[in-house]
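With TSV, C-alpha atoms inside, this is data.tsv:
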chain	number	residue	atom	x	y	z
S	132	MET	CA	83.17	75.72	46.46
S	133	ASP	CA	81.28	78.73	47.81
S	134	ILE	CA	83.63	80.41	50.30
S	135	PHE	CA	80.69	80.92	52.67
S	136	GLU	CA	79.86	77.19	52.71
S	137	LYS	CA	82.43	76.36	55.39
S	138	LEU	CA	81.14	79.20	57.53
S	139	LEU	CA	77.63	77.82	57.50
S	140	LYS	CA	78.83	74.32	58.35
S	141	HIS	CA	80.72	75.37	61.47
S	142	MET	CA	80.15	78.57	63.41
S	143	GLY	CA	83.44	78.26	65.28
S	144	PRO	CA	84.18	77.02	68.82
S	145	ILE	CA	82.16	79.76	70.49
S	146	GLY	CA	79.62	80.38	67.75
S	147	GLU	CA	78.54	76.74	67.71
S	148	HIS	CA	76.69	77.45	70.97
S	149	SER	CA	75.02	80.60	69.65
S	150	ASP	CA	71.55	79.06	69.34
S	151	ARG	CA	71.44	78.66	73.12
S	152	ALA	CA	73.84	81.38	74.23
S	153	HIS	CA	72.87	84.42	72.15
S	154	GLY	CA	71.27	87.20	74.17
S	155	TYR	CA	72.10	85.61	77.50
S	156	PHE	CA	75.59	84.16	77.82
S	157	ALA	CA	76.76	85.89	74.64
S	158	PHE	CA	75.72	89.39	73.57
S	159	PRO	CA	73.62	90.05	76.72
S	160	LYS	CA	71.91	93.43	77.08
S	161	LEU	CA	72.59	95.34	80.28
S	162	GLU	CA	70.29	98.33	80.65
S	163	GLY	CA	70.15	101.44	82.81
S	164	GLU	CA	72.83	103.76	84.13
S	165	ILE	CA	76.32	102.23	84.00
S	166	GLY	CA	77.29	101.13	87.50
S	167	PRO	CA	77.47	98.25	89.96
S	168	ARG	CA	73.70	97.70	89.72
S	169	MET	CA	72.10	97.40	86.28
S	170	ASN	CA	69.06	95.70	84.78
S	171	PHE	CA	69.25	92.45	82.86
S	172	ARG	CA	66.03	91.10	81.38
S	173	GLY	CA	63.96	93.33	83.62
S	174	LYS	CA	65.67	92.49	86.94
S	175	GLU	CA	68.36	94.37	88.83
S	176	LYS	CA	71.73	92.61	89.05
S	177	VAL	CA	74.99	93.27	90.84
S	178	VAL	CA	77.33	93.65	87.86
S	179	TRP	CA	80.99	92.60	87.87
S	180	SER	CA	81.62	92.67	84.12
S	181	LEU	CA	82.36	96.34	83.41
S	182	ASN	CA	85.90	97.72	83.05
S	183	ASN	CA	84.80	100.89	84.78
S	184	TYR	CA	87.60	100.64	87.35
S	185	LEU	CA	87.43	104.16	88.78
S	186	GLY	CA	83.68	104.61	88.42
S	187	LEU	CA	84.13	107.42	85.90
S	188	ALA	CA	81.40	106.27	83.49
S	189	ASN	CA	78.74	108.17	85.41
S	190	HIS	CA	80.88	110.67	87.28
S	191	PRO	CA	78.88	113.95	87.15
S	192	GLU	CA	81.83	115.97	85.82
S	193	VAL	CA	82.46	113.39	83.10
S	194	ARG	CA	78.82	113.28	82.06
S	195	ALA	CA	78.61	117.09	81.97
S	196	THR	CA	81.82	117.40	79.95
S	197	ASP	CA	80.78	114.71	77.47
S	198	ALA	CA	77.36	116.29	76.99
S	199	LYS	CA	78.67	119.83	76.52
S	200	ALA	CA	81.37	118.72	74.08
S	201	ALA	CA	78.82	116.77	72.04
S	202	ALA	CA	76.51	119.79	71.96
S	203	ASP	CA	79.32	122.18	71.05
S	204	TYR	CA	81.02	120.14	68.35
S	205	GLY	CA	78.90	117.14	67.35
S	206	LEU	CA	80.39	113.72	66.66
S	207	ALA	CA	81.60	114.59	63.16
S	208	THR	CA	84.22	117.13	64.22
S	209	PRO	CA	87.00	116.95	63.14
S	210	MET	CA	86.22	115.43	59.76
S	211	GLY	CA	88.85	113.28	58.06
S	212	ALA	CA	92.01	111.43	58.98
S	213	ARG	CA	94.13	113.28	61.49
S	214	MET	CA	97.13	113.61	59.17
S	215	MET	CA	95.00	115.18	56.44
S	216	SER	CA	92.34	117.34	58.07
S	217	GLY	CA	91.52	115.90	61.50
S	218	ASN	CA	94.00	117.50	63.87
S	219	THR	CA	92.99	119.99	66.59
S	220	ASN	CA	94.48	121.83	69.55
S	221	TYR	CA	92.49	119.53	71.84
S	222	HIS	CA	94.07	116.39	70.33
S	223	GLU	CA	97.53	117.86	70.88
S	224	LYS	CA	96.65	119.04	74.39
S	225	LEU	CA	95.50	115.54	75.34
S	226	GLU	CA	98.73	114.04	74.02
S	227	LYS	CA	100.74	116.53	76.10
S	228	GLU	CA	98.73	115.79	79.26
S	229	LEU	CA	99.17	112.03	78.76
S	230	SER	CA	102.91	112.37	78.15
S	231	ASP	CA	103.25	114.28	81.40
S	232	PHE	CA	101.14	111.71	83.28
S	233	MET	CA	103.12	108.78	81.86
S	234	GLY	CA	106.50	110.46	82.34
S	235	LYS	CA	107.31	110.12	78.64
S	236	GLU	CA	108.51	112.64	76.04
S	237	ASP	CA	105.58	112.27	73.67
S	238	THR	CA	102.30	110.48	73.03
S	239	THR	CA	100.20	109.71	69.98
S	240	LEU	CA	96.48	109.02	70.15
S	241	LEU	CA	95.00	105.84	68.69
S	242	ASN	CA	91.40	105.54	67.50
S	243	TYR	CA	91.05	102.07	69.02
S	244	GLY	CA	93.31	100.04	71.24
S	245	TYR	CA	93.00	96.74	69.40
S	246	GLN	CA	93.84	98.03	65.94
S	247	GLY	CA	96.27	100.60	67.35
S	248	ILE	CA	98.69	98.17	68.97
S	249	MET	CA	98.49	95.88	65.94
S	250	SER	CA	99.41	98.78	63.69
S	251	ALA	CA	102.25	99.90	65.96
S	252	ILE	CA	103.85	96.45	65.84
S	253	ASP	CA	103.49	96.44	62.06
S	254	ALA	CA	105.08	99.90	61.77
S	255	ILE	CA	108.03	99.12	64.05
S	256	CYS	CA	109.09	95.69	62.82
S	257	ASN	CA	110.16	94.45	59.38
S	258	ARG	CA	111.11	91.00	58.12
S	259	ARG	CA	114.66	91.30	59.51
S	260	ASP	CA	113.48	91.98	63.09
S	261	VAL	CA	112.61	89.48	65.82
S	262	ILE	CA	109.76	89.83	68.33
S	263	VAL	CA	110.00	88.10	71.72
S	264	TYR	CA	106.70	88.02	73.59
S	265	ASP	CA	104.86	86.55	76.58
S	266	ALA	CA	102.68	83.52	75.85
S	267	GLU	CA	99.64	85.14	77.49
S	268	CYS	CA	99.73	88.45	75.63
S	269	HIS	CA	96.36	89.88	74.58
S	270	ALA	CA	94.68	88.82	71.33
S	271	SER	CA	95.41	92.24	69.81
S	272	ILE	CA	99.13	91.64	70.24
S	273	ILE	CA	98.85	88.12	68.81
S	274	ASP	CA	97.04	89.52	65.77
S	275	GLY	CA	99.76	92.15	65.44
S	276	LEU	CA	102.33	89.38	65.46
S	277	ARG	CA	100.50	87.69	62.62
S	278	LEU	CA	101.23	90.76	60.51
S	279	HIS	CA	104.94	90.41	61.27
S	280	GLN	CA	106.85	88.89	58.36
S	281	GLY	CA	109.94	88.13	60.42
S	282	HIS	CA	110.61	85.67	63.24
S	283	ARG	CA	108.86	85.72	66.58
S	284	TYR	CA	109.78	83.77	69.71
S	285	VAL	CA	107.32	83.20	72.54
S	286	PHE	CA	108.40	82.74	76.16
S	287	LYS	CA	106.44	80.92	78.85
S	288	HIS	CA	104.19	83.24	80.79
S	289	ASN	CA	106.18	85.46	83.17
S	290	ASP	CA	109.12	83.01	82.94
S	291	ILE	CA	112.21	85.20	82.92
S	292	GLU	CA	114.56	82.27	82.38
S	293	ASP	CA	112.66	81.33	79.23
S	294	CYS	CA	112.47	84.99	78.18
S	295	GLU	CA	116.26	85.15	78.36
S	296	LYS	CA	116.51	81.91	76.39
S	297	GLN	CA	114.38	83.42	73.61
S	298	LEU	CA	116.46	86.60	73.69
S	299	ARG	CA	119.60	84.53	73.13
S	300	ARG	CA	117.92	82.87	70.15
S	301	ALA	CA	116.85	86.27	68.83
S	302	GLU	CA	120.37	87.68	69.18
S	303	GLU	CA	121.82	84.79	67.22
S	304	LEU	CA	119.28	85.26	64.46
S	305	ILE	CA	119.78	88.98	64.00
S	306	LYS	CA	123.48	88.39	63.47
S	307	THR	CA	122.42	87.04	60.08
S	308	THR	CA	119.37	89.21	59.38
S	309	GLY	CA	120.81	92.53	60.53
S	310	GLY	CA	117.59	93.38	62.35
S	311	GLY	CA	116.66	94.32	65.89
S	312	ILE	CA	114.67	92.85	68.79
S	313	LEU	CA	111.35	94.00	70.27
S	314	VAL	CA	110.16	92.45	73.56
S	315	ILE	CA	106.43	92.68	74.29
S	316	THR	CA	104.56	91.89	77.49
S	317	GLU	CA	101.66	93.27	79.54
S	318	GLY	CA	101.56	95.36	82.67
S	319	VAL	CA	98.52	93.50	83.98
S	320	PHE	CA	97.28	90.36	82.27
S	321	GLY	CA	93.56	90.83	81.80
S	322	MET	CA	92.45	87.25	82.39
S	323	ALA	CA	94.57	86.08	85.34
S	324	GLY	CA	95.18	89.53	86.83
S	325	ASP	CA	98.89	89.00	87.50
S	326	GLN	CA	101.39	91.73	86.73
S	327	GLY	CA	103.96	91.22	83.99
S	328	LYS	CA	107.58	90.85	85.09
S	329	LEU	CA	108.45	94.35	83.89
S	330	LYS	CA	111.26	94.94	86.36
S	331	GLU	CA	112.95	91.63	85.57
S	332	ILE	CA	112.61	92.04	81.80
S	333	ALA	CA	113.93	95.60	81.97
S	334	ALA	CA	116.97	94.32	83.88
S	335	LEU	CA	117.81	92.06	80.92
S	336	LYS	CA	118.68	95.20	78.95
S	337	GLU	CA	122.03	95.09	80.75
S	338	LYS	CA	122.84	91.84	78.90
S	339	TYR	CA	120.87	92.08	75.65
S	340	GLN	CA	120.08	94.80	73.14
S	341	PHE	CA	116.33	95.13	72.68
S	342	ARG	CA	113.48	97.60	72.88
S	343	PHE	CA	110.67	97.05	75.36
S	344	MET	CA	106.94	97.52	74.65
S	345	VAL	CA	104.32	97.13	77.40
S	346	ASP	CA	100.56	96.87	76.96
S	347	ASP	CA	99.27	98.38	80.22
S	348	ALA	CA	95.57	98.61	79.38
S	349	HIS	CA	94.52	97.27	82.79
S	350	GLY	CA	97.26	99.11	84.70
S	351	PHE	CA	96.52	102.64	83.52
S	352	GLY	CA	94.65	104.42	86.32
S	353	THR	CA	94.75	101.43	88.67
S	354	MET	CA	98.43	100.74	89.37
S	355	GLY	CA	101.27	102.85	90.71
S	356	LYS	CA	101.36	105.66	93.25
S	357	THR	CA	99.79	108.20	90.87
S	358	GLY	CA	97.91	105.73	88.68
S	359	ALA	CA	100.46	106.01	85.86
S	360	GLY	CA	100.49	102.23	85.62
S	361	THR	CA	102.37	99.04	86.31
S	362	GLY	CA	105.72	100.47	85.24
S	363	GLU	CA	105.34	103.07	87.98
S	364	GLU	CA	104.19	100.34	90.40
S	365	GLN	CA	107.38	98.36	89.74
S	366	GLY	CA	109.68	101.38	89.51
S	367	VAL	CA	110.68	100.86	85.87
S	368	GLN	CA	108.51	103.35	83.96
S	369	ASP	CA	111.66	104.93	82.54
S	370	LYS	CA	112.89	101.54	81.27
S	371	ILE	CA	109.82	100.97	79.08
S	372	ASP	CA	110.48	102.21	75.54
S	373	LEU	CA	106.89	102.10	74.30
S	374	LEU	CA	103.95	102.24	76.67
S	375	PHE	CA	100.51	101.38	75.31
S	376	ASN	CA	97.35	102.31	77.23
S	377	THR	CA	93.66	102.42	76.52
S	378	PHE	CA	90.74	104.60	77.61
S	379	ALA	CA	88.42	101.58	77.52
S	380	LYS	CA	89.22	100.48	81.08
S	381	SER	CA	89.86	103.11	83.77
S	382	GLY	CA	88.86	105.85	81.34
S	383	ALA	CA	85.39	104.36	80.82
S	384	SER	CA	85.43	105.46	77.19
S	385	ILE	CA	87.04	104.33	73.92
S	386	GLY	CA	90.34	104.96	72.19
S	387	ALA	CA	93.96	104.47	73.22
S	388	PHE	CA	97.45	105.98	73.12
S	389	MET	CA	101.12	105.11	72.81
S	390	SER	CA	103.82	106.97	74.76
S	391	GLY	CA	107.60	106.98	74.42
S	392	ASP	CA	110.57	108.94	73.10
S	393	LYS	CA	109.58	111.88	70.93
S	394	ALA	CA	111.41	110.72	67.79
S	395	ILE	CA	109.87	107.24	67.91
S	396	ILE	CA	106.36	108.48	68.62
S	397	ASN	CA	106.66	110.90	65.72
S	398	TYR	CA	107.73	108.01	63.50
S	399	LEU	CA	104.61	106.10	64.55
S	400	ARG	CA	102.41	109.12	63.77
S	401	TYR	CA	103.60	109.03	60.18
S	402	ASN	CA	103.65	105.27	59.72
S	403	MET	CA	100.76	103.57	61.58
S	404	ARG	CA	98.37	102.62	58.82
S	405	SER	CA	95.42	102.20	61.20
S	406	GLN	CA	95.70	105.90	62.04
S	407	ILE	CA	96.80	107.35	58.69
S	408	PHE	CA	93.82	105.82	56.89
S	409	ALA	CA	91.18	106.25	59.62
S	410	LYS	CA	89.05	109.19	60.71
S	411	SER	CA	90.35	111.20	63.63
S	412	ILE	CA	88.91	110.64	67.12
S	413	PRO	CA	85.82	112.89	67.45
S	414	LEU	CA	86.26	116.00	69.60
S	415	PRO	CA	83.65	115.06	72.23
S	416	LEU	CA	85.71	111.94	73.01
S	417	VAL	CA	88.98	113.88	73.12
S	418	ILE	CA	87.55	116.56	75.41
S	419	GLY	CA	85.97	113.84	77.53
S	420	HIS	CA	89.34	112.09	77.79
S	421	LEU	CA	90.92	115.33	79.02
S	422	LYS	CA	88.38	115.48	81.85
S	423	ARG	CA	88.96	111.82	82.73
S	424	VAL	CA	92.73	112.29	82.91
S	425	GLU	CA	92.24	115.39	85.08
S	426	LEU	CA	90.04	113.44	87.50
S	427	MET	CA	92.49	110.52	87.65
S	428	ARG	CA	95.34	112.86	88.55
S	429	LYS	CA	93.51	115.17	90.96
S	430	ASN	CA	91.36	112.62	92.79
S	431	PRO	CA	93.55	109.84	94.25
S	432	GLU	CA	90.59	108.78	96.39
S	433	LEU	CA	89.07	107.14	93.29
S	434	LYS	CA	91.95	104.67	93.04
S	435	ALA	CA	92.01	104.29	96.82
S	436	LYS	CA	88.33	103.31	96.86
S	437	LEU	CA	88.89	100.87	94.00
S	438	TRP	CA	91.64	99.11	95.94
S	439	GLU	CA	89.56	99.09	99.13
S	440	ASN	CA	86.90	97.14	97.22
S	441	VAL	CA	89.48	94.93	95.49
S	442	ASN	CA	91.01	93.91	98.80
S	443	LYS	CA	87.63	93.21	100.42
S	444	LEU	CA	86.44	91.08	97.51
S	445	GLN	CA	89.66	89.16	97.00
S	446	GLN	CA	90.26	88.52	100.69
S	447	GLY	CA	86.63	87.45	101.13
S	448	LEU	CA	87.02	84.91	98.33
S	449	ARG	CA	90.29	83.59	99.76
S	450	ASP	CA	88.74	83.30	103.25
S	451	ARG	CA	85.97	81.16	101.74
S	452	GLY	CA	88.45	78.82	100.11
S	453	PHE	CA	88.22	80.05	96.53
S	454	ASN	CA	91.17	79.82	94.18
S	455	ILE	CA	91.77	83.27	92.70
S	456	GLY	CA	95.14	82.35	91.28
S	457	ARG	CA	98.09	84.72	91.11
S	458	THR	CA	96.27	88.03	90.72
S	459	ASN	CA	97.98	91.10	92.18
S	460	SER	CA	95.75	93.64	90.44
S	461	PRO	CA	92.04	94.54	90.49
S	462	VAL	CA	91.27	91.75	87.98
S	463	THR	CA	89.72	88.97	90.09
S	464	PRO	CA	89.46	85.49	88.56
S	465	ILE	CA	87.68	82.60	90.28
S	466	TYR	CA	88.95	79.19	89.16
S	467	LEU	CA	86.55	76.25	89.28
S	468	GLN	CA	86.33	72.79	87.71
S	469	GLY	CA	83.59	71.92	85.23
S	470	ASP	CA	82.59	71.60	81.61
S	471	ILE	CA	80.67	74.08	79.46
S	472	PRO	CA	77.12	72.80	80.18
S	473	GLU	CA	77.49	72.83	83.96
S	474	ALA	CA	79.40	76.11	83.84
S	475	THR	CA	76.52	77.75	82.04
S	476	ALA	CA	74.00	76.15	84.40
S	477	MET	CA	75.89	77.67	87.33
S	478	CYS	CA	76.03	81.04	85.58
S	479	LEU	CA	72.28	80.83	85.00
S	480	ASP	CA	71.72	80.17	88.72
S	481	LEU	CA	73.92	83.11	89.72
S	482	ARG	CA	72.01	85.47	87.43
S	483	GLU	CA	68.45	84.28	87.98
S	484	ASN	CA	68.42	83.27	91.64
S	485	TYR	CA	71.20	85.37	93.18
S	486	ASN	CA	71.06	88.41	90.85
S	487	ILE	CA	74.82	88.35	90.26
S	488	PHE	CA	76.02	89.19	86.74
S	489	CYS	CA	79.64	88.38	85.91
S	490	SER	CA	81.56	87.09	82.93
S	491	ILE	CA	82.26	83.39	82.52
S	492	VAL	CA	85.19	82.00	80.54
S	493	VAL	CA	85.22	78.42	79.24
S	494	TYR	CA	86.84	76.30	76.51
S	495	PRO	CA	88.31	77.12	73.98
S	496	VAL	CA	89.60	80.26	75.73
S	497	ILE	CA	90.84	78.03	78.56
S	498	PRO	CA	91.47	74.22	78.70
S	499	LYS	CA	88.55	71.79	78.84
S	500	GLY	CA	87.28	70.97	82.31
S	501	GLN	CA	87.98	74.43	83.69
S	502	ILE	CA	85.73	77.37	84.47
S	503	ILE	CA	86.86	80.91	85.16
S	504	TYR	CA	84.60	83.67	86.42
S	505	ARG	CA	86.29	87.04	85.96
S	506	LEU	CA	85.13	89.74	88.36
S	507	ILE	CA	86.06	93.38	87.82
S	508	PRO	CA	85.73	95.41	91.05
S	509	THR	CA	85.25	99.15	90.65
S	510	ALA	CA	85.32	102.21	92.87
S	511	ALA	CA	81.53	102.35	92.51
S	512	HIS	CA	80.85	99.00	94.23
S	513	ASN	CA	79.96	98.96	97.91
S	514	ASP	CA	80.14	96.51	100.84
S	515	GLU	CA	76.63	95.19	100.21
S	516	ASP	CA	77.52	94.33	96.61
S	517	ILE	CA	80.57	92.43	97.83
S	518	GLU	CA	78.76	90.53	100.60
S	519	LEU	CA	75.91	89.48	98.29
S	520	THR	CA	78.45	88.22	95.78
S	521	LEU	CA	80.52	86.28	98.31
S	522	LYS	CA	77.36	84.59	99.61
S	523	ALA	CA	76.21	83.74	96.09
S	524	PHE	CA	79.51	82.17	95.09
S	525	SER	CA	79.77	80.19	98.33
S	526	GLU	CA	76.36	78.65	97.79
S	527	THR	CA	76.73	78.01	94.05
S	528	LYS	CA	80.18	76.44	94.48
S	529	GLU	CA	78.65	74.02	96.96
S	530	LYS	CA	76.07	73.08	94.32
S	531	LEU	CA	78.82	72.70	91.70
S	532	ASP	CA	80.79	70.39	94.00
S	533	LYS	CA	77.66	68.30	94.63
S	534	LYS	CA	77.18	67.88	90.85
S	535	ILE	CA	73.81	69.65	90.95
S	536	TYR	CA	74.71	71.57	87.79
S	537	GLU	CA	75.57	68.51	85.72
S	538	VAL	CA	73.45	68.70	82.57
S	539	ALA	CA	73.77	67.11	79.15
S	540	GLU	CA	73.89	70.36	77.21
S	541	ILE	CA	73.87	74.14	77.61
S	542	PRO	CA	70.52	75.17	79.11
S	543	MET	CA	68.05	77.02	76.90
S	544	VAL	CA	67.24	80.52	78.17

Would you give me this structure, written as C-alpha cells?
Amino acid sequence: MDIFEKLLKHMGPIGEHSDRAHGYFAFPKLEGEIGPRMNFRGKEKVVWSLNNYLGLANHPEVRATDAKAAADYGLATPMGARMMSGNTNYHEKLEKELSDFMGKEDTTLLNYGYQGIMSAIDAICNRRDVIVYDAECHASIIDGLRLHQGHRYVFKHNDIEDCEKQLRRAEELIKTTGGGILVITEGVFGMAGDQGKLKEIAALKEKYQFRFMVDDAHGFGTMGKTGAGTGEEQGVQDKIDLLFNTFAKSGASIGAFMSGDKAIINYLRYNMRSQIFAKSIPLPLVIGHLKRVELMRKNPELKAKLWENVNKLQQGLRDRGFNIGRTNSPVTPIYLQGDIPEATAMCLDLRENYNIFCSIVVYPVIPKGQIIYRLIPTAAHNDEDIELTLKAFSETKEKLDKKIYEVAEIPMV
C-alpha cells in the first residue's frame, strides 16, 4: 500500500471541509496594518482574532526597533545553533531581563513555543518519571507528553481533588520506578479563558513531592500587577518551578522562553534537542523582544487599557444574555448551540453583513452540537469596535435561535 493513499482518502476531521473552507474559514488572508481594523477580501473588518493583547504589533517604538535591528544585522545573524556559533550578548541580555521580570534566577530562550515546551518535557522526564497534567492543556503539551516514555496521569480540568488523586497514584508508582513527578498546567487556558488553579496545586507541595511547570503563554503581559503573569496574579510565582512563556501573544512576535532555578535552566540549555539542533533566534527578533519587554514593564497603561476593553466587552456580552463561560482573563469565548454548517453560515453573516471577523471553533475541537466564538480583546480596540460587535452578535444570535442559519452543508464562499 502506498503510504500516501490513506491521506488522499481522508483529509482529516478539519481538512475534509477544505474544499469549502480554504481561504475563508481556514487560512484566511487578513491584509493591512495589524490592528483592530484590517481588510479581508477587500472590505474593512473589526478583527478579534489576533493575540496582540497589548497592541505592540504596531507600536511606533517597536516598529522602529525592529526595522533598525533588521537593517543593522539582517535576519541571518547569528548564523548557526546557539550552542555552536549562535550566541550573542543580546541573547544573554534578553534572558537576564526576562529572569528579572519573572522573578526567577535564570531564563533560556526558545526558538518557538510549541516545539520548545515539547522539548523541555522530553529533556526533563525519562521512562521512570510520571507526569500529572490538566485535561485541557495545550496541544503542544499533549504532543510533548507523547514523547514521554513513562507513565502520565491526567486530571479533570481544574479539579484539585482529582489532581490530588492522580498525585497519589503517581507517588505509588514511583516507589517502584524510582522516578520523580512533574505536574503541568496552564496559567490561562487559551480556549475557555479560565485561569489554572496554580495556588491550589502549589499548596499540594506540602503533601506531595513534585515539580511544577506552568504554561503561561496567555498570562505573560496580561495578568498580575506588573504583567509577570498568572503566578503573580495568584501570589504563587515563587512556587512555580518552571515557567514557560511565549512572545507570540502579548509580545506580538515569535519565540518563547523558560524561566526557573539557574541549575535547572542550565541543564535545559544543554539538553533540549529542539534548541541544540536548531538555528539561533535572529538578532532582529531578540532586539525587538528587548524593546517589547521594556514597554511592558515601563508602560502599565497598556495592560490597563487592555483590561478596560476586556471588561467592557465581557460585561456587554453578559448583559445581553450570552454565555461566556468561566473566563477570568482577556480570552473571551461565546458559547452557542449549533452544528458545523449553521455555525459557518453564522460566521459568514458576521463577516459579510456585519464586518466582524473572529475565530470560530467547532467539532472535532469541541463536542458536536456546540459552537464557540473566541474573541481576543486588545489594548488597541476602542468603544466603537466593542459596540459594533455586541450589536452584531445580538442580531446574529437571534437568527441562530430562529433556525435561519440551518443549511444542509457548509456554504460555498

### Query
Closest to Asn430 (chain S) among S:Thr307, S:Thr357, S:Asn454, S:Ser216, using all atoms listed in the file?
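Using all atoms listed in the file, Asn430 (chain S) sits closest to S:Thr357.
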
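If only C-alpha atoms are the atoms counted, then among S:Leu278, S:Asp290, S:Leu185, S:Thr463 the closest residue to Glu432 (chain S) is S:Leu185.
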
### Message
Need the shell around Leu414 (chain S): protein/DNA/RNA residues with any atom at most 12 Å away, counting only C-alpha atoms. Skip same-chain ones fewer than 4 positions apart. Format as a count of residues only?
### Response
31

Please build the interface table for region 278-370 of chain S against region 245-259 of chain S with a cut-off of 12 Å, listing for each qualifying residue the nearest atom pair and the distance in Å to one decimal; count all atoms listed in the file, order rows by chain and increasing number, and write it as a Markdown table.
| residue | atom | partner | partner_atom | distance |
| --- | --- | --- | --- | --- |
| S:Leu278 | CA | S:Asp253 | CA | 6.3 |
| S:His279 | CA | S:Asp253 | CA | 6.3 |
| S:Gln280 | CA | S:Arg258 | CA | 4.8 |
| S:Gly281 | CA | S:Arg258 | CA | 3.9 |
| S:His282 | CA | S:Arg258 | CA | 7.4 |
| S:Arg283 | CA | S:Arg258 | CA | 10.2 |
| S:Ala301 | CA | S:Arg259 | CA | 10.8 |
| S:Glu302 | CA | S:Arg259 | CA | 11.8 |
| S:Leu304 | CA | S:Arg259 | CA | 9.1 |
| S:Ile305 | CA | S:Arg259 | CA | 7.2 |
| S:Lys306 | CA | S:Arg259 | CA | 10.1 |
| S:Thr307 | CA | S:Arg259 | CA | 8.9 |
| S:Thr308 | CA | S:Arg259 | CA | 5.2 |
| S:Gly309 | CA | S:Arg259 | CA | 6.4 |
| S:Gly310 | CA | S:Arg259 | CA | 4.6 |
| S:Gly311 | CA | S:Arg259 | CA | 7.3 |
| S:Ile312 | CA | S:Cys256 | CA | 8.7 |
| S:Leu313 | CA | S:Cys256 | CA | 8.0 |
| S:Val314 | CA | S:Ile252 | CA | 10.7 |
| S:Ile315 | CA | S:Ile252 | CA | 9.6 |
| S:Arg342 | CA | S:Ile255 | CA | 10.5 |
| S:Phe343 | CA | S:Ile252 | CA | 11.7 |
| S:Met344 | CA | S:Ile252 | CA | 9.4 |
| S:Val345 | CA | S:Ile248 | CA | 10.2 |
| S:Asp346 | CA | S:Ile248 | CA | 8.3 |
| S:Asp347 | CA | S:Ile248 | CA | 11.3 |
| S:Ala348 | CA | S:Tyr245 | CA | 10.5 |

Preceding selection exported with C-alpha atoms as a short mmCIF file (atom, residue, chain, number, x, y, z; two decimals), in the coordinates of the input:
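Once everything was written out, this is selection_39.cif:
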data_model
loop_
_atom_site.label_atom_id
_atom_site.label_comp_id
_atom_site.auth_asym_id
_atom_site.auth_seq_id
_atom_site.Cartn_x
_atom_site.Cartn_y
_atom_site.Cartn_z
CA LEU S 278 101.23 90.76 60.51
CA HIS S 279 104.94 90.41 61.27
CA GLN S 280 106.85 88.89 58.36
CA GLY S 281 109.94 88.13 60.42
CA HIS S 282 110.61 85.67 63.24
CA ARG S 283 108.86 85.72 66.58
CA ALA S 301 116.85 86.27 68.83
CA GLU S 302 120.37 87.68 69.18
CA LEU S 304 119.28 85.26 64.46
CA ILE S 305 119.78 88.98 64.00
CA LYS S 306 123.48 88.39 63.47
CA THR S 307 122.42 87.04 60.08
CA THR S 308 119.37 89.21 59.38
CA GLY S 309 120.81 92.53 60.53
CA GLY S 310 117.59 93.38 62.35
CA GLY S 311 116.66 94.32 65.89
CA ILE S 312 114.67 92.85 68.79
CA LEU S 313 111.35 94.00 70.27
CA VAL S 314 110.16 92.45 73.56
CA ILE S 315 106.43 92.68 74.29
CA ARG S 342 113.48 97.60 72.88
CA PHE S 343 110.67 97.05 75.36
CA MET S 344 106.94 97.52 74.65
CA VAL S 345 104.32 97.13 77.40
CA ASP S 346 100.56 96.87 76.96
CA ASP S 347 99.27 98.38 80.22
CA ALA S 348 95.57 98.61 79.38
#

### Query
Hey, can you check how far CA of Ile332 (chain S) sits from CA of Lys434 (chain S)?
26.7 Å

### Query
Nearest to Val193 (chain S) among S:Gly350, S:Gly366, S:Pro415, S:Gly324, with distances taken over all atoms listed in the file: which residue is it?
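Answer, going by the shortest atom-to-atom distance: S:Pro415.
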
### Message
Could you tell me how far CA of Leu329 (chain S) sits from CA of Tyr284 (chain S), in Å to one decimal place?
### Response
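Computed distance, CA of Tyr284 (chain S) to CA of Leu329 (chain S), equals 17.7 Å.
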
### Query
Between S:Phe388, S:Tyr243, S:Tyr398, S:Phe320, which has the minimum distance to Ala266 (chain S) (counting all atoms listed in the file)?
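So, comparing all the options, the nearest one is S:Phe320.
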
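Put simply, CA of Lys287 (chain S) is 24.4 Å away from CA of Gly244 (chain S).
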
### Query
Could you pull the residues within 10 Å of region 137-148 of chain S, counting only C-alpha atoms, minus those fewer than 3 positions along the same chain, as a VMD selection string?
chain S and resid 132 to 134 151 to 153 156 to 157 471 493 to 496 540 to 541

### Query
Pick the closest to Gln501 (chain S) from S:Gly469, S:Ala270, S:Lys528, S:Ala474: which is it, counting all atoms listed in the file?
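Checking each candidate against Gln501 (chain S), we get S:Gly469 as the closest.
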
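Of the residues listed (S:Ile385, S:Gly234, S:Pro431, S:Ile407), S:Gly234 shows the shortest atom-to-atom separation from Val367 (chain S); distances use all atoms listed in the file.
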
### Task
Fewer than 4 positions away in the same chain doesn't count, so skip those; otherwise give me all residues within 8 Å of Val492 (chain S), counting only C-alpha atoms, as an NGL selection string.
:S and (496-497 or 502-505)

### Task
Select all residues near (70.1, 88.6, 93.0) (cut-off 10 Å, inclusive, file coordinates), counting all atoms listed in the file, and output them as a VMD selection string.
chain S and resid 174 to 177 480 to 488 519 to 520 523

Keeping C-alpha atoms for every residue in the selection just given, could you write it to a file as a tab-separated table (two decimals), in the frame of the given file?
chain	number	residue	atom	x	y	z
S	174	LYS	CA	65.67	92.49	86.94
S	175	GLU	CA	68.36	94.37	88.83
S	176	LYS	CA	71.73	92.61	89.05
S	177	VAL	CA	74.99	93.27	90.84
S	480	ASP	CA	71.72	80.17	88.72
S	481	LEU	CA	73.92	83.11	89.72
S	482	ARG	CA	72.01	85.47	87.43
S	483	GLU	CA	68.45	84.28	87.98
S	484	ASN	CA	68.42	83.27	91.64
S	485	TYR	CA	71.20	85.37	93.18
S	486	ASN	CA	71.06	88.41	90.85
S	487	ILE	CA	74.82	88.35	90.26
S	488	PHE	CA	76.02	89.19	86.74
S	519	LEU	CA	75.91	89.48	98.29
S	520	THR	CA	78.45	88.22	95.78
S	523	ALA	CA	76.21	83.74	96.09
